[in-house]
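Beneath this line is the structure, given in structure tokens, with notes to follow.
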Amino acid sequence: MNALAARRRHPAAIAILIILGLFLTGAVYAALAPKPADATTRALPAQSVEEGKALFRANCSTCHGLNAEGRATGTGDQIAGPPLAGVGAAAVDFQVGTGRMPLPRPDVQAPANNEIKFTQEEIDSMGAYIASLAPGPGVPSEEAVDPTKGDAARGGELFRVNCAMCHNFAGAGGALTRGKYAPPIEGVSGRHIYEAMVTGPQSMPVFNDANLTPESKRDIIAFLYTIDEAESPGGMTLGSLGPVSEGLFAWVFGLGLLVASAVWIGAKSA
Amino acid sequence: MSTAPTRPADALREGDRPAESRPGAAARTVGGVAGWVDDRTGAAKPVGYLMKKVFPDHWSFMLGEIAMYSMIVCLLTGAFLTFWFVPSAGHTIYDGSYVPLRGVSMSEAYASTLNISFDIKGGLIIRQIHHWSALMFIVALVVHMFRVFFTGAFRKPREINWAIGSVLALLAIIEGFAGYSLPDDLLSGTGIRAMQGFVQTAPVIGTYLVYAIFGGPFPGEMIIPRLYSAHILLIPALLVGLFTAHIGLVFLQKHTQYPGPGRTEKNVVGFPVMPVYAAKAGGFFFIVFGILSLIAAVVQINPIWAYGPYDPSAVTAGSQPDWYMGFADGALRLLPGWLEFEIFGYTLSMNIFPGALLLLPLVYVVLGVYPFLERWVTGDNREHHLLQRPRNSPVRTGIGMAAITAYSVLLFASGNDIMAIKLGMSINDLTWFFRIGFFVLPPLAFWVTKRICLSLQRRDRDTVLHGRETGTIVRTPDGRFFERHDTELTPDQWILVQHEPVAPLELEPAVDENGVARPAARKDRLRARLSRFYFADAVNPVTPAELAAAHYHGEEHEAIEPSETSASGGAAPIESAEAGRH
């Protein structure tokens, strides 16, 4: 203890204390944090409209209405959830399958969420129910989203013309007005990319088969897979955000290193 | 050793002869060659002069060196790139080794840049060193400028060199922009198209300028070859020429030095170029080159293959210029759209022109003019070779910080979309924050900086007059306590009193003694007002008289004023604390 007390004024003491404190806080939080309640019933059998309807009523109707007719908020001036007739199974698969729905809280935009609340069977059941209300785009086949069957170079051109203005040249995402944003599309599955294009979730426009043929969509998916898998030839990408992150790096690390070496060489006696 | 014979052991060395110092074979060869060159060119004198030149030593004097070396690295790597770059907008179909672009139609400029990046050995690293060095060149140049500004190194006789430096800074960012625009990828093409729009907003002459620069109403096939000539020939020649003048003037006028014992306005205390600075600066070049290469080796910059070829119909989110053009881009983003209006049937795009076009030269003109303005206000016509500590010129330091703040607001505004996604904020809120911040933050920065400088100056005075608090509490025989203050001025504390006292200029009366109005009175009033702005609340250094008074007071207090101590009652302990300050 005496040795410890003697070192209490060591320059590193504060840093070590802070690290210990942060670690303890984190450990206690991890132990005590409330776990999300798991109320969904697992292992539903085959998908069916009836089961989908039951799931929809239990989980979605608060905002979208009991028959998916859409609802206004309590004050009546804003939409709580839009009507869903005609959005198709593809929209359900995209919104629920990427964790965007059910929406945890009203916000400018539904964020993608790694915690998917439903199994794929349940999602398919709800999709079947929504598709039964009115015809809409369906979930694409495996073949339609197979990146190996697409032309990445052509997909790149289509991506730059149609998508890059919001999603950035590398699919790193971009800002829209008033806190809305085009999310990063790195690591998104081909099926979800395809569904986003045909259903136009959130602020995204719909790219129907007339403006982008299914083959073009597959080319875009192929392009996105290619840049996902490609190693960056030049080194660290700094988030693929363009000159802003490069400038920040130059000012912080470049200047830091160069000034440190200037101080070092300046301190050397002649 | 000179008074050695007193030691008996020295008798042993009596017959010793010192070894003759004859130059070695290598030295004689060098001397021979040098003599041969000198016989033919007479170079020995000027070279000897340069080699013996003394430079003061400080790390902050090396910031300019960093800029210089980065520029040299740019020149070296740029020469390599010209071997393979094809400055042409001619169409071609890519057939190189980068698969995601195979079969895509593009310009020859873009295809050759892809070629440099993927098919020329070492091409990518050289390209990345070139680009990182360009960014670091301008970063270092700006920081070097901060050093010169805040230490008052631009004062007479160095105003011309400051102006040359300002032109160099402007040329450097134009050079950078030209280089950024060459590869004809999506980002640089967007930049050129934006520049064409900016040039068009110049009132009256805009369209003529566009035709002159681009050879047509749109950025066609002419712009890349033209930018190439500017980038590799015209601007580098100007840069190198002006830079030579810049550094030549440093040699001619001698380098400034920080104040310190033994340093005056008439000497330079430091080390000669040969051998000390030649070694240090030469070594530092390799350090800078090494660091730039290291950064270029591990961090990707401007991945043109990822941007894709330029296509007027496409644009990418996060389209920004390189950082040094960011302030103009930021100003453009902040200007509200309603500033565009029509007058006599002509459109004036005041929502674009002031930020995107006017600001660029304006910033550097204001910068270049500042020394002349300050000299006029202070009326200081003497030469200055000793630098000022920033705190000893509070108003100038405040102005500098205000300018940096305004510039930074604009610079950050150009990244508003990146900040919005990365920080989860609304781009509209950010834009409003920057709009208001542009007007509010610089005066705030000025005020805060000036107050900090004044308090630092007062603290310096306090340290000189009353010494350093030692933390030693002394109890006097009659039971009083005081803290011992250490008032010994160590040599390094000399810096606290070395600067010159300042005072605002006195206003001469508007009419002379005969009642005749002086024509210069109005100008003088402005000058006096500005002078008051600079110096009205100046904190001046402790004078010898003040110091003597403080010390005298301290030592002889009890003996001289015994009655006051007893009469002041409650104040007595404070008084005696003063007495103990020695």
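Chain labels run A, B, ... following the order of the structure tokens; each chain numbers its residues from 1, and ligands are numbered from 1 in the order shown.
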List every residue of stretch 157-271 of chain B that has an atom at most 8 Å from any atom of stretch 311-329 of chain B, and for each one report the closest atom pair and its distance in Å to one decimal, counting only C-alpha atoms, with rows sorted by chain and then by increasing residue number, as JSON lines.
```
{"residue": "B:Ile173", "atom": "CA", "partner": "B:Tyr324", "partner_atom": "CA", "distance": 6.3}
{"residue": "B:Phe177", "atom": "CA", "partner": "B:Met325", "partner_atom": "CA", "distance": 7.6}
{"residue": "B:Tyr180", "atom": "CA", "partner": "B:Asp322", "partner_atom": "CA", "distance": 7.6}
{"residue": "B:Leu186", "atom": "CA", "partner": "B:Asp311", "partner_atom": "CA", "distance": 6.6}
{"residue": "B:Leu187", "atom": "CA", "partner": "B:Ser319", "partner_atom": "CA", "distance": 6.3}
{"residue": "B:Gly189", "atom": "CA", "partner": "B:Asp311", "partner_atom": "CA", "distance": 7.6}
{"residue": "B:Thr190", "atom": "CA", "partner": "B:Val315", "partner_atom": "CA", "distance": 6.9}
{"residue": "B:Gly191", "atom": "CA", "partner": "B:Pro321", "partner_atom": "CA", "distance": 6.9}
```
*Kindly determine which residues of chain A lie within 7 Å of chain B, considering only C-alpha atoms, and give the answer as a ChimeraX atom specification.*
/A:152-153,160-161,164-170,174-175,177-179,181,234-237,241-244,246-247,250-251,254,258,262-263,266,270
*When DSSP works through the backbone of this structure, what residues of stretch 117-350 of chain B end up as helix (DSSP H, G or I), shown as a ChimeraX atom specification?*
/B:117-118,123-150,159-181,186-200,206-214,223-253,273-298,304-307,323-334,337-339
*Check stretch 52-229 of chain A with DSSP on the backbone and list each residue it calls strand (DSSP E), as a ChimeraX atom specification.*
/A:71-72,79-81,174-175,181-182
Could you write those residues out with C-alpha atoms, as a compact mmCIF listing (two decimals), in the first residue's frame?
```
# COMPACT_ATOMS: atom_id res chain seq x y z
CA ARG A 71 -53.06 6.33 -38.39
CA ALA A 72 -52.53 9.91 -37.36
CA ILE A 79 -48.84 10.62 -39.55
CA ALA A 80 -47.99 8.02 -36.95
CA GLY A 81 -47.74 5.27 -39.56
CA GLY A 174 -24.60 11.26 -47.03
CA ALA A 175 -26.63 13.97 -45.34
CA TYR A 181 -29.73 11.03 -44.17
CA ALA A 182 -28.98 8.47 -46.84
```
